Each structure stands twice: as structure tokens, then as C-alpha cells.
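Student: Contents of coords.cif (mmCIF, C-alpha atoms) are given next:
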data_my_file
#
loop_
_atom_site.label_atom_id
_atom_site.label_comp_id
_atom_site.auth_asym_id
_atom_site.auth_seq_id
_atom_site.Cartn_x
_atom_site.Cartn_y
_atom_site.Cartn_z
CA MET W 1 -31.37 -6.68 4.56
CA VAL W 2 -31.97 -2.98 5.16
CA ASP W 3 -34.37 -2.26 8.02
CA ILE W 4 -35.91 0.89 9.55
CA THR W 5 -36.82 0.91 13.23
CA VAL W 6 -39.05 3.67 14.64
CA LEU W 7 -39.57 3.71 18.40
CA PRO W 8 -42.23 4.11 19.57
CA LYS W 9 -44.40 3.22 16.57
CA VAL W 10 -47.42 4.79 18.28
CA SER W 11 -46.89 7.97 20.26
CA LEU W 12 -48.34 11.31 21.18
CA ALA W 13 -47.44 14.05 18.73
CA ASP W 14 -45.34 15.92 21.30
CA GLU W 15 -43.11 12.93 22.12
CA PRO W 16 -39.73 12.23 20.51
CA VAL W 17 -39.28 9.20 18.28
CA ARG W 18 -36.05 7.35 17.53
CA ILE W 19 -35.34 6.47 13.90
CA PHE W 20 -32.64 3.85 13.27
CA ILE W 21 -31.46 2.35 9.98
CA SER W 22 -29.52 -0.92 9.85
CA GLY W 23 -28.33 -3.39 7.22
CA LEU W 24 -26.61 -0.85 4.94
CA GLU W 25 -23.21 -1.32 3.34
CA PRO W 26 -20.42 0.31 5.35
CA ASN W 27 -20.30 4.08 4.64
CA GLN W 28 -23.23 3.81 2.21
CA LEU W 29 -24.75 7.13 1.13
CA VAL W 30 -28.54 7.12 1.54
CA THR W 31 -31.58 9.39 1.34
CA LEU W 32 -34.16 9.36 4.12
CA ARG W 33 -37.58 10.60 3.13
CA ALA W 34 -40.50 11.23 5.50
CA SER W 35 -44.04 11.76 4.21
CA LEU W 36 -47.62 12.11 5.38
CA LEU W 37 -51.01 13.01 3.94
CA ASP W 38 -52.94 15.62 5.88
CA GLU W 39 -56.71 15.55 6.31
CA LYS W 40 -57.22 17.53 3.11
CA GLY W 41 -55.18 15.00 1.14
CA PHE W 42 -52.11 17.17 0.66
CA LEU W 43 -48.71 15.51 0.77
CA PHE W 44 -46.02 16.74 3.17
CA THR W 45 -42.46 15.51 2.71
CA SER W 46 -38.93 16.01 3.97
CA ARG W 47 -35.68 14.63 2.57
CA VAL W 48 -32.22 14.34 4.14
CA PHE W 49 -28.95 12.64 3.14
CA TYR W 50 -26.89 10.49 5.51
CA ARG W 51 -23.85 8.25 5.24
CA GLY W 52 -23.94 4.99 7.15
CA ASP W 53 -21.23 4.23 9.65
CA ALA W 54 -18.68 1.41 9.44
CA SER W 55 -21.36 -1.03 10.65
CA GLY W 56 -23.85 0.05 7.99
CA GLU W 57 -26.08 1.89 10.47
CA VAL W 58 -27.65 5.35 10.72
CA ASP W 59 -28.96 6.33 14.13
CA LEU W 60 -30.61 9.75 13.91
CA GLU W 61 -29.85 10.39 17.58
CA ARG W 62 -26.15 10.65 16.75
CA ALA W 63 -25.74 10.58 12.95
CA GLU W 64 -25.05 13.86 11.17
CA ALA W 65 -27.18 14.81 8.18
CA ILE W 66 -24.88 15.94 5.39
CA GLY W 67 -27.43 17.54 3.08
CA GLY W 68 -31.05 17.84 2.07
CA ASP W 69 -33.52 19.81 4.18
CA PHE W 70 -31.01 20.31 7.00
CA ARG W 71 -27.52 19.49 8.20
CA GLY W 72 -26.27 18.32 11.57
CA VAL W 73 -27.50 15.99 14.28
CA LEU W 74 -31.27 16.51 14.55
CA PRO W 75 -33.06 13.36 15.76
CA MET W 76 -36.48 14.91 15.01
CA GLY W 77 -35.37 16.91 11.99
CA LEU W 78 -37.32 14.80 9.49
CA LEU W 79 -40.54 15.86 11.25
CA TRP W 80 -39.52 19.47 11.77
CA ALA W 81 -38.75 19.81 8.05
CA LEU W 82 -42.02 18.41 6.67
CA SER W 83 -43.39 20.80 4.02
CA SER W 84 -46.38 20.69 1.71
CA GLU W 85 -46.56 20.02 -1.99
CA LYS W 86 -49.17 22.81 -2.00
CA PRO W 87 -47.38 26.16 -1.61
CA PHE W 88 -47.98 27.99 1.67
CA HIS W 89 -50.16 25.21 3.13
CA ARG W 90 -49.87 24.74 6.88
CA LEU W 91 -49.97 21.35 8.59
CA MET W 92 -52.64 21.61 11.30
CA LYS W 93 -54.53 18.64 12.74
CA ARG W 94 -58.30 19.07 12.71
CA ASP W 95 -59.72 15.73 13.85
CA VAL W 96 -57.67 15.17 16.97
CA ILE W 97 -59.86 12.39 18.36
CA GLY W 98 -60.63 10.15 15.41
CA SER W 99 -57.32 9.57 13.69
CA PRO W 100 -53.56 10.12 13.99
CA TYR W 101 -51.07 11.35 11.45
CA ARG W 102 -49.45 8.34 9.81
CA ILE W 103 -45.90 9.16 8.84
CA THR W 104 -43.88 6.97 6.51
CA VAL W 105 -40.07 6.94 6.54
CA GLU W 106 -38.27 5.46 3.52
CA VAL W 107 -34.58 4.93 2.87
CA PHE W 108 -33.20 5.08 -0.69
CA ASP W 109 -29.77 4.26 -2.03
CA SER W 110 -27.58 7.29 -2.81
CA VAL W 111 -28.96 10.81 -3.29
CA GLN W 112 -32.59 11.00 -4.46
CA LEU W 113 -33.64 14.60 -5.03
CA GLU W 114 -37.05 13.86 -6.53
CA PRO W 115 -39.40 10.88 -6.14
CA SER W 116 -39.43 8.50 -9.09
CA PRO W 117 -41.75 5.52 -9.65
CA THR W 118 -38.79 3.55 -10.99
CA VAL W 119 -36.71 4.01 -7.82
CA LYS W 120 -37.86 1.73 -5.04
CA PRO W 121 -36.94 2.29 -1.37
CA LEU W 122 -34.54 -0.10 0.29
CA ALA W 123 -36.91 -0.16 3.28
CA SER W 124 -39.88 1.73 4.71
CA GLN W 125 -41.69 2.04 8.02
CA THR W 126 -44.90 3.79 9.08
CA PHE W 127 -45.62 5.14 12.54
CA GLU W 128 -48.50 7.02 14.19
CA ARG W 129 -48.62 10.41 15.92
CA TRP W 130 -51.74 11.03 18.04
CA TYR W 131 -53.01 14.28 19.54
CA VAL W 132 -54.93 12.64 22.38
CA ALA W 133 -53.95 9.88 24.78
CA PRO W 134 -56.30 6.91 25.33
CA GLY W 135 -59.19 7.90 27.55
CA VAL W 136 -59.14 11.63 26.77
CA ARG W 137 -62.70 12.81 26.09
CA ARG W 138 -63.80 15.64 23.80
CA ILE W 139 -67.05 17.42 24.68
CA ALA W 140 -68.47 19.98 22.26
CA ILE W 141 -69.28 23.21 24.11
CA ARG W 142 -72.30 25.29 23.13
CA GLU W 143 -73.41 26.79 26.41
CA GLY W 144 -74.63 30.36 26.78
CA ARG W 145 -72.51 32.33 24.37
CA VAL W 146 -69.45 30.08 24.73
CA ARG W 147 -68.39 27.94 21.77
CA GLY W 148 -65.54 25.47 21.74
CA ALA W 149 -64.51 21.97 22.79
CA LEU W 150 -63.58 20.70 26.24
CA PHE W 151 -60.90 18.01 26.49
CA LEU W 152 -60.89 16.01 29.72
CA PRO W 153 -58.04 13.72 30.82
CA PRO W 154 -58.91 10.16 31.85
CA GLY W 155 -59.62 9.65 35.54
CA ASP W 156 -61.68 11.30 38.23
CA GLY W 157 -59.68 14.47 38.63
CA PRO W 158 -60.04 17.21 39.54
CA PHE W 159 -57.63 18.55 36.93
CA PRO W 160 -56.15 22.03 36.53
CA GLY W 161 -58.26 23.97 34.03
CA VAL W 162 -56.77 25.72 31.00
CA ILE W 163 -58.31 27.86 28.25
CA ASP W 164 -56.50 27.39 24.94
CA MET W 165 -56.74 30.13 22.28
CA PHE W 166 -55.25 30.75 18.87
CA GLY W 167 -55.00 33.95 16.87
CA GLY W 168 -56.37 35.83 13.91
CA VAL W 169 -57.21 32.76 11.81
CA GLY W 170 -60.47 32.35 13.74
CA GLY W 171 -62.42 29.12 13.93
CA LEU W 172 -61.68 26.38 16.45
CA THR W 173 -58.18 24.91 16.72
CA GLU W 174 -57.91 21.86 18.97
CA PHE W 175 -54.57 20.08 18.53
CA ARG W 176 -52.81 21.83 21.43
CA SER W 177 -55.84 21.27 23.67
CA GLY W 178 -55.78 17.54 22.98
CA LEU W 179 -52.12 17.34 23.92
CA LEU W 180 -52.60 19.44 27.08
CA ALA W 181 -55.43 17.12 28.14
CA SER W 182 -53.14 14.17 27.48
CA ARG W 183 -50.70 15.77 29.93
CA GLY W 184 -53.29 16.14 32.69
CA PHE W 185 -55.02 19.47 32.04
CA ALA W 186 -58.77 19.93 31.56
CA THR W 187 -58.51 22.12 28.48
CA LEU W 188 -61.14 24.28 26.81
CA ALA W 189 -60.29 24.97 23.18
CA LEU W 190 -62.07 28.30 22.89
CA ALA W 191 -63.36 29.83 19.68
CA TYR W 192 -64.08 33.54 19.65
CA PHE W 193 -64.94 34.32 16.02
CA ALA W 194 -65.53 32.63 12.66
CA TYR W 195 -67.01 29.51 14.25
CA ASP W 196 -70.57 28.21 14.64
CA ASP W 197 -72.84 31.21 15.34
CA LEU W 198 -70.02 33.51 16.47
CA PRO W 199 -69.34 36.60 14.33
CA ASN W 200 -67.39 35.91 11.16
CA PHE W 201 -65.20 38.93 11.78
CA LEU W 202 -63.68 40.10 15.07
CA SER W 203 -64.77 43.74 15.25
CA GLU W 204 -64.38 44.10 19.02
CA VAL W 205 -63.21 42.06 22.02
CA ASP W 206 -65.95 41.55 24.60
CA LEU W 207 -64.02 40.38 27.65
CA GLU W 208 -67.24 39.21 29.31
CA TYR W 209 -67.38 36.41 26.72
CA PHE W 210 -63.99 35.15 27.93
CA GLU W 211 -65.04 35.56 31.56
CA GLU W 212 -68.10 33.44 30.80
CA ALA W 213 -65.79 30.78 29.33
CA ALA W 214 -63.61 30.81 32.47
CA ASP W 215 -66.67 30.49 34.71
CA LEU W 216 -68.01 27.64 32.59
CA LEU W 217 -64.72 25.78 32.90
CA LEU W 218 -64.55 26.32 36.65
CA LYS W 219 -68.09 24.99 37.11
CA HIS W 220 -67.14 21.59 35.69
CA PRO W 221 -66.85 18.97 38.48
CA LYS W 222 -63.56 17.64 37.06
CA VAL W 223 -61.87 21.04 37.04
CA LEU W 224 -59.66 22.07 39.93
CA GLY W 225 -60.40 25.63 41.04
CA PRO W 226 -60.45 28.31 42.11
CA THR W 227 -58.70 29.71 39.02
CA VAL W 228 -57.75 28.70 35.48
CA GLY W 229 -54.79 29.14 33.20
CA VAL W 230 -54.68 30.44 29.64
CA VAL W 231 -52.37 29.35 26.79
CA SER W 232 -52.49 31.61 23.76
CA VAL W 233 -50.72 32.85 20.65
CA CYS W 234 -50.83 35.97 18.45
CA LYS W 235 -54.20 37.78 18.74
CA GLY W 236 -55.20 35.19 21.33
CA ALA W 237 -52.18 36.24 23.41
CA GLU W 238 -53.33 39.84 23.30
CA ILE W 239 -56.74 38.77 24.61
CA ALA W 240 -55.15 36.45 27.19
CA LEU W 241 -53.10 39.34 28.56
CA ALA W 242 -56.32 41.34 28.93
CA MET W 243 -57.90 38.37 30.73
CA ALA W 244 -54.93 38.20 33.11
CA THR W 245 -55.21 41.94 33.70
CA PHE W 246 -58.93 42.17 34.44
CA LEU W 247 -60.33 38.71 35.31
CA LYS W 248 -59.93 37.33 38.83
CA GLN W 249 -60.57 33.80 37.48
CA VAL W 250 -57.19 33.73 35.65
CA SER W 251 -54.03 33.03 37.63
CA ALA W 252 -51.55 31.64 35.06
CA THR W 253 -51.22 33.08 31.56
CA VAL W 254 -48.95 31.95 28.72
CA CYS W 255 -48.60 34.49 25.90
CA ILE W 256 -46.83 33.17 22.81
CA ASN W 257 -45.67 35.98 20.51
CA GLY W 258 -48.29 38.56 21.41
CA THR W 259 -48.42 42.28 22.14
CA ASN W 260 -48.88 44.48 25.21
CA SER W 261 -51.82 46.49 23.92
CA ILE W 262 -55.22 46.32 22.27
CA ASN W 263 -54.80 46.58 18.50
CA GLY W 264 -57.18 47.32 15.67
CA MET W 265 -60.42 47.07 17.66
CA THR W 266 -62.10 48.06 20.90
CA LEU W 267 -61.96 45.99 24.10
CA ARG W 268 -65.02 46.16 26.35
CA TYR W 269 -65.48 44.80 29.85
CA ARG W 270 -68.47 45.93 31.87
CA ASP W 271 -68.04 49.73 32.15
CA LEU W 272 -64.50 49.62 30.78
CA CYS W 273 -63.73 50.54 27.17
CA ILE W 274 -60.21 50.50 25.67
CA ASP W 275 -59.94 51.73 22.10
CA GLY W 276 -57.41 49.79 20.07
CA SER W 277 -54.39 51.35 18.44
CA PRO W 278 -54.81 51.54 14.65
CA TYR W 279 -53.05 49.30 12.20
CA VAL W 280 -50.77 51.01 9.68
CA PRO W 281 -51.41 48.97 6.51
CA GLU W 282 -49.06 51.02 4.35
CA ARG W 283 -46.17 49.48 6.30
CA VAL W 284 -46.94 45.99 4.94
CA ARG W 285 -44.00 44.54 3.06
CA THR W 286 -44.27 42.07 0.21
CA THR W 287 -41.65 39.50 -0.71
CA SER W 288 -40.36 38.32 -4.05
CA TYR W 289 -42.00 34.93 -3.46
CA GLY W 290 -45.51 36.32 -3.02
CA ALA W 291 -45.89 36.61 0.75
CA MET W 292 -46.61 39.59 2.98
CA GLU W 293 -44.87 40.64 6.19
CA ILE W 294 -46.92 42.61 8.75
CA TYR W 295 -44.12 43.05 11.30
CA ASP W 296 -44.34 46.85 11.19
CA VAL W 297 -48.09 47.43 10.90
CA LEU W 298 -48.59 48.01 14.64
CA VAL W 299 -47.90 51.47 16.02
CA ASP W 300 -44.92 52.22 18.25
CA PRO W 301 -45.90 51.29 21.84
CA HIS W 302 -43.96 54.36 23.03
CA ALA W 303 -46.08 56.77 20.98
CA PRO W 304 -47.76 59.11 23.50
CA GLU W 305 -51.01 59.25 21.54
CA HIS W 306 -51.52 55.49 21.94
CA GLN W 307 -50.70 54.99 25.62
CA ASP W 308 -54.38 54.43 26.46
CA CYS W 309 -54.30 51.28 24.29
CA ILE W 310 -51.64 49.61 26.43
CA LEU W 311 -52.97 47.11 28.95
CA PRO W 312 -52.45 48.00 32.63
CA VAL W 313 -50.76 44.68 33.33
CA GLU W 314 -49.74 45.78 36.81
CA ARG W 315 -53.34 44.96 37.77
CA ALA W 316 -52.75 41.26 37.03
CA SER W 317 -52.66 39.22 40.22
CA GLY W 318 -51.64 35.97 38.52
CA SER W 319 -48.38 34.90 36.90
CA LEU W 320 -47.42 35.69 33.30
CA LEU W 321 -45.13 33.68 31.03
CA PHE W 322 -44.08 35.21 27.70
CA ILE W 323 -42.78 32.88 24.97
CA VAL W 324 -41.02 34.91 22.28
CA GLY W 325 -39.36 33.90 19.01
CA GLY W 326 -36.41 36.04 17.95
CA ASP W 327 -37.30 35.56 14.25
CA ASP W 328 -41.02 36.27 14.66
CA ARG W 329 -41.85 38.11 11.43
CA ASN W 330 -45.47 38.72 12.40
CA TYR W 331 -44.96 40.88 15.51
CA ASN W 332 -42.04 42.56 17.21
CA SER W 333 -42.90 40.26 20.11
CA LYS W 334 -39.68 40.79 22.06
CA LEU W 335 -40.35 44.53 22.24
CA TYR W 336 -43.87 44.01 23.59
CA ALA W 337 -42.87 41.39 26.15
CA ASP W 338 -40.03 43.61 27.37
CA GLU W 339 -42.48 46.50 27.71
CA VAL W 340 -44.71 44.37 29.93
CA LEU W 341 -41.82 43.37 32.16
CA VAL W 342 -40.63 46.97 32.47
CA ARG W 343 -44.12 48.10 33.41
CA LEU W 344 -44.46 45.35 35.99
CA LYS W 345 -41.10 46.21 37.53
CA ARG W 346 -41.96 49.92 37.60
CA ASN W 347 -45.02 49.02 39.64
CA GLY W 348 -43.16 46.75 42.03
CA LYS W 349 -44.46 43.51 40.48
CA THR W 350 -42.40 40.35 39.86
CA ASN W 351 -45.08 38.08 38.37
CA GLY W 352 -43.78 38.15 34.79
CA ARG W 353 -41.17 35.95 33.10
CA LEU W 354 -39.79 35.90 29.55
CA LEU W 355 -38.47 32.91 27.60
CA PHE W 356 -36.68 34.23 24.52
CA TYR W 357 -35.69 31.89 21.66
CA PRO W 358 -33.36 33.41 19.04
CA GLY W 359 -34.14 32.02 15.59
CA ALA W 360 -37.64 30.81 16.47
CA GLY W 361 -40.58 32.12 14.46
CA HIS W 362 -44.12 33.21 15.29
CA LEU W 363 -45.87 29.83 15.37
CA ILE W 364 -44.19 28.20 18.36
CA GLU W 365 -46.23 25.00 18.77
CA PRO W 366 -45.87 21.66 20.58
CA PRO W 367 -42.65 19.75 19.79
CA GLY W 368 -42.58 17.65 16.64
CA SER W 369 -44.66 20.25 14.76
CA PRO W 370 -43.06 21.24 11.44
CA LEU W 371 -41.67 24.71 11.03
CA CYS W 372 -44.18 26.90 9.18
CA ARG W 373 -42.37 29.96 7.85
CA ILE W 374 -45.09 31.10 5.46
CA ALA W 375 -48.75 30.14 5.22
CA ILE W 376 -52.05 31.23 3.79
CA ALA W 377 -54.23 32.79 6.50
CA PRO W 378 -57.91 33.74 6.33
CA ILE W 379 -58.76 37.44 5.75
CA PHE W 380 -55.28 38.22 4.39
CA PRO W 381 -54.93 38.69 0.61
CA LEU W 382 -51.44 37.12 0.49
CA PRO W 383 -49.71 34.37 2.47
CA LEU W 384 -48.24 35.59 5.76
CA LEU W 385 -44.57 35.40 6.65
CA TRP W 386 -44.30 33.85 10.13
CA GLY W 387 -40.52 33.41 10.34
CA GLY W 388 -38.29 30.85 12.00
CA GLU W 389 -35.10 28.90 11.33
CA LEU W 390 -35.50 25.13 11.33
CA THR W 391 -33.10 24.04 14.07
CA ALA W 392 -33.67 26.97 16.41
CA HIS W 393 -37.42 26.77 15.99
CA GLY W 394 -37.60 23.03 16.59
CA LYS W 395 -35.51 23.29 19.74
CA ALA W 396 -37.60 26.22 20.97
CA GLN W 397 -40.74 24.13 20.63
CA GLU W 398 -39.21 21.29 22.63
CA HIS W 399 -38.01 23.51 25.45
CA SER W 400 -41.01 25.85 25.68
CA TRP W 401 -43.54 22.99 25.79
CA LYS W 402 -41.91 21.60 28.92
CA GLU W 403 -41.74 25.08 30.43
CA ILE W 404 -45.41 25.78 29.69
CA GLN W 405 -46.54 22.60 31.42
CA HIS W 406 -44.29 23.25 34.42
CA PHE W 407 -45.57 26.82 34.67
CA LEU W 408 -49.22 25.74 34.57
CA ARG W 409 -48.71 22.97 37.13
CA SER W 410 -46.82 25.29 39.44
CA HIS W 411 -49.58 27.88 39.50
CA LEU W 412 -52.66 25.68 39.11
CA LYS W 413 -51.43 22.50 40.82
CA GLY W 414 -52.97 19.13 39.95
CA PRO W 415 -52.00 15.61 38.83
CA MET W 416 -49.34 14.63 36.34
CA VAL W 417 -49.34 13.08 32.91
CA SER W 418 -51.17 10.66 30.70
CA ARG W 419 -49.19 8.81 28.03
CA LEU W 420 -49.86 6.51 25.12
#
Taking this structure as input, can you express it in the form of C-alpha cells?
Tutor:
Amino acid sequence: MVDITVLPKVSLADEPVRIFISGLEPNQLVTLRASLLDEKGFLFTSRVFYRGDASGEVDLERAEAIGGDFRGVLPMGLLWALSSEKPFHRLMKRDVIGSPYRITVEVFDSVQLEPSPTVKPLASQTFERWYVAPGVRRIAIREGRVRGALFLPPGDGPFPGVIDMFGGVGGLTEFRSGLLASRGFATLALAYFAYDDLPNFLSEVDLEYFEEAADLLLKHPKVLGPTVGVVSVCKGAEIALAMATFLKQVSATVCINGTNSINGMTLRYRDLCIDGSPYVPERVRTTSYGAMEIYDVLVDPHAPEHQDCILPVERASGSLLFIVGGDDRNYNSKLYADEVLVRLKRNGKTNGRLLFYPGAGHLIEPPGSPLCRIAIAPIFPLPLLWGGELTAHGKAQEHSWKEIQHFLRSHLKGPMVSRL
């Protein structure tokens, strides 16, 4: 009898799972199909072809996929390759506390390119992927001007404090915060526009809002001071770099595919005002499949007329970690990170480090997250091209997640991990 084993059957979403098929005929050709329904009811699937070994087994930790969504030995490839039946729809967990993703793996005889009600699987197995460990608490934050959600690890603490920010999509995104809290960080998922009573459109960056958020986090009795870290991506990384530059409360900053300057809007902090460099919308490129690429819409950081927009990162007293994807089609992120490092070196500073991942795209997320090359994004008239190659991107997510946690612990200190 054909059987599928998934270990563990219940895990955190950033943990690896082992998928093992047994009971096949020797050298039998099979299709493995993974599927899940997201919270909006959209189906995500992946499909890969394997040939069983002489014992009638397929162990994804050592078996080579011979076709389908990828080729080669990729133990987590079925999860990395999940894509939506709805074009350009991104998989992004909203309710991180109340429910997991339930992923079903099925094995079919021979090659099955399309699902058919008349073709039944030889075996199936369902497993759960959670974004919070048992005991993690979520506390809605609506204090002063600050809006977001605080995730606290189980236990008395104190825990290193981290502010978690996403980019130009706005709203409140919590899945990374839940996982960071599960790994021992008191994490504030911070909204800064298009959420609750915050402005619907980000017309300027008021750095005092982010300072208020850092002070709020540091006031919590379970947060280990005297400073906090920041994990950020895209527009959030731009803001995080400004926080690292000007706020004494920030001592460890992770910028995932960001820039080195203020772009498209003004940054204000007390008496300071930095006018943003303009976007160049006529440089937008459109693809034959209906997406847009904004890689070139930012001005050249070497242009003399825009030097006042570049952040004076040499003022940052804390440590900076830049995570950059070599196939980021949203920003020329490598250029901007290199510019920061050059500026630091020119000023005698050694507090910056770059992790560069050739083939990774813009949305470098916790491991196990599917590659999202193209997705619909609010405020943009067409889907955005984010970039990324499946294998390189998946491996970049695995490596960078470990590096991010190590970086934060090294500079914030604090206890270790929670696990399911």
C-alpha cells in the first residue's frame, strides 16, 4: 500500500518538513501534488514528477525531481513552488494566531499534468504550518499614534525587542512578527499607513512616529532594553535605514532589498527635513504577460542634484545588515547597499554587512514561503514584477532567516527559541 509520511505533521512555517513516499512499485513514475487554500479561499498548488527507487520509495531529502515545477533535489521544493489559481495572487498569512495553513500532499500514478475527478491519488497526507508557537500572545496596539500588533514569546522574559515593517503595500502584515516571536523576540508588527486611522496614502515619512513606536516597545516590561532592532523590506527598509541613522533607540537594523535614500516623499524628524528624490514614472517597463517592472524608476544615486536625498548613514551608531537579492526586479538593491557600505567605509565605519543572494528576488521572506515573482499590489495599476528564481530564492530565504536571527541576538542579546 502506498503511504505518504510528513514529519513533523505540525510545525512552524519556517521549519523544514520531510516528505517520504513508500509502497510504490520499483522505479514507478509518480506525480506529487501539494495544495492549500488561503484565507480568501484561493487554491495554491505545485506539481512535481519523481521516479521511485528500487525499493519503491521517494525521499524528497535525496530524490531528484525529474520534471514539473522544478528539477533536482529540493526537499522543500513543493512548498517553494506553490502558486495560485488566481493570476498574480500572493500567498500571505493574515490570521497568524487563529489557524495554520493546512497543506495536502497527494501522490498519483504516472504523470498528471492537470487535476481530474476521475483520477484518484494513490495516497494523501495533510500537515499544518503555524506562524506562532504555543504560548505566543498577540496584543493589538493602539497607543498614542502607534498602530500595530505586539507579539510576545511565552515566558517571563525580558526578550529582545524588534520592530517589523513591510513596504509599499501598506496595512498591517504580521506573519514574520509571529515567527520572530516564536523564536524569542518581542516583536511589534508596525503599520505606518493604510491601516486603522492612519493615512491611506504615505505622503511623507514622519520619523517621530517610528521613534514613538520604539519608545512604546522599550517601555514594555517584557522587552529587554536599552535598544531595539528593526527588520524591514522595500519601503520599510528605506524607513528602517533612516531610523538607524537618526534614532538612538535602534541598534540593529535589517534592510531587505531597500535603498540608501529617501524616495518620492519628504522625511521629517524634529527640525530635520529631507526632500525625497523624485520617481521617474516614464521608466516603467511593461511585460508581455501584463505586469510592470519599476526597477529603473528611482534616480541615479550618483546624480549630484539628488545627493541631499541620500541618508547620512555614517551617523548610525548601531549595526546594519543588508539582505539583497540578485534578481530583485523592484529595486537595484545591490547598488544601494554597496553605496551604503562605501559611505560607511569612507567615514571610518565598519558597522555594515551585506548578504548577497544571486538569483533571489525582492520578497525574501521566512523559509518555506513560496516564491512570488509577480503579484498585484495596492496603488499600482498593474501587477508588480518582484523577480526571483525558484531554487536560488528558496535557499536564500533559508540562509538569510538564520542570519537575521543571529544578527539580532548578537546585537540585542536575550534568550533563545520557542518551538512547536
Student: Written as a PyMOL selection string, which residues does the PyMOL selection byres ((chain W and resi 96-109) around 9) give for the file shown?
Tutor: chain W and resi 2-4+6+12-13+19+21+28-39+78-79+93-95+110-112+119-132+136-138+174-175+178
Student: Check the smallest atom-to-atom distance from each of W:Pro278, W:Pro154, W:Gly258, W:Gly388 to Leu335 in chain W using only C-alpha atoms, then report the winner.
Tutor: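 Nearest candidate to Leu335 in chain W out of W:Pro278, W:Pro154, W:Gly258, W:Gly388: W:Gly258.
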Student: The PyMOL selection byres ((chain W and resi 337) around 10) - which residues does that actually catch in the file I just gave you? List them as a list in words.
Tutor: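 Selection result, ordered by chain and number: Cys255, Ile256, Asn257, Gly258, Thr259, Asn260, Leu321, Phe322, Ile323, Val324, Asn332, Ser333, Lys334, Leu335, Tyr336, Asp338, Glu339, Val340, Leu341, Val342, Arg343, Gly352, Arg353, Leu354, Leu355 and Phe356 of chain W.
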Student: To one decimal in Å, tell me the separation between CA of Val48 in chain W and CA of His362 in chain W.
Tutor: 24.9 Å
Student: Excluding same-chain residues fewer than 3 positions from Thr350 in chain W, what lies within 10 Å of it counting all atoms listed in the file, as an mmCIF file with C-alpha atoms, keeping the file's coordinate frame?
Tutor:
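So the final result, stored in selection_39.cif, reads:
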data_model
loop_
_atom_site.group_PDB
_atom_site.id
_atom_site.type_symbol
_atom_site.label_atom_id
_atom_site.label_comp_id
_atom_site.auth_asym_id
_atom_site.auth_seq_id
_atom_site.Cartn_x
_atom_site.Cartn_y
_atom_site.Cartn_z
ATOM 1 C CA GLU W 314 -49.740 45.780 36.810
ATOM 2 C CA SER W 319 -48.380 34.900 36.900
ATOM 3 C CA LEU W 320 -47.420 35.690 33.300
ATOM 4 C CA LEU W 341 -41.820 43.370 32.160
ATOM 5 C CA LEU W 344 -44.460 45.350 35.990
ATOM 6 C CA LYS W 345 -41.100 46.210 37.530
ATOM 7 C CA ARG W 346 -41.960 49.920 37.600
ATOM 8 C CA ASN W 347 -45.020 49.020 39.640
ATOM 9 C CA ARG W 353 -41.170 35.950 33.100
#
Student: Expand the PyMOL selection byres ((chain W and resi 217) around 10) into the explicit residue set it covers here, and present it as a ChimeraX atom specification.
Tutor: /W:150,161-163,186-188,211-216,218-225,227-228
Student: Which is closer to Gln397 in chain W than all the others in W:Leu363, W:Val299, W:Ala375, W:Ala149, using all atoms listed in the file?
Tutor: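 Result for the nearest residue to Gln397 in chain W: W:Leu363.
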Student: What gap, in Å, lies between CA of Ser203 in chain W and CA of Leu267 in chain W?
Tutor: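 Straight-line distance from CA of Ser203 in chain W to CA of Leu267 in chain W works out to 9.6 Å.
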Student: When you write range 340-373 of chain W out from the block above, keep C-alpha atoms and present the result as a JSON list (two decimals), in the first residue's frame, please.
Tutor:
[["chain", "number", "residue", "atom", "x", "y", "z"],
["W", 340, "VAL", "CA", 25.91, 52.47, 1.97],
["W", 341, "LEU", "CA", 28.96, 50.31, 2.62],
["W", 342, "VAL", "CA", 31.19, 52.63, 0.61],
["W", 343, "ARG", "CA", 29.92, 55.63, 2.53],
["W", 344, "LEU", "CA", 30.46, 53.89, 5.85],
["W", 345, "LYS", "CA", 34.00, 52.91, 4.91],
["W", 346, "ARG", "CA", 34.77, 56.43, 3.69],
["W", 347, "ASN", "CA", 33.80, 57.67, 7.14],
["W", 348, "GLY", "CA", 35.82, 55.07, 9.00],
["W", 349, "LYS", "CA", 32.81, 52.96, 10.00],
["W", 350, "THR", "CA", 32.65, 49.13, 9.96],
["W", 351, "ASN", "CA", 29.10, 48.60, 11.24],
["W", 352, "GLY", "CA", 27.59, 47.47, 7.92],
["W", 353, "ARG", "CA", 27.42, 43.99, 6.38],
["W", 354, "LEU", "CA", 25.95, 42.73, 3.11],
["W", 355, "LEU", "CA", 24.48, 39.29, 2.38],
["W", 356, "PHE", "CA", 24.06, 38.98, -1.39],
["W", 357, "TYR", "CA", 22.00, 36.14, -2.91],
["W", 358, "PRO", "CA", 22.31, 35.75, -6.70],
["W", 359, "GLY", "CA", 19.02, 34.62, -8.20],
["W", 360, "ALA", "CA", 16.87, 35.70, -5.25],
["W", 361, "GLY", "CA", 14.05, 38.16, -5.85],
["W", 362, "HIS", "CA", 12.65, 41.15, -3.97],
["W", 363, "LEU", "CA", 10.37, 39.37, -1.49],
["W", 364, "ILE", "CA", 12.91, 37.47, 0.62],
["W", 365, "GLU", "CA", 10.72, 36.06, 3.40],
["W", 366, "PRO", "CA", 10.99, 33.35, 6.08],
["W", 367, "PRO", "CA", 11.93, 29.88, 4.75],
["W", 368, "GLY", "CA", 9.14, 27.73, 3.37],
["W", 369, "SER", "CA", 7.43, 30.78, 1.84],
["W", 370, "PRO", "CA", 6.61, 30.27, -1.86],
["W", 371, "LEU", "CA", 8.47, 32.28, -4.44],
["W", 372, "CYS", "CA", 6.34, 35.24, -5.54],
["W", 373, "ARG", "CA", 7.71, 36.56, -8.83]]
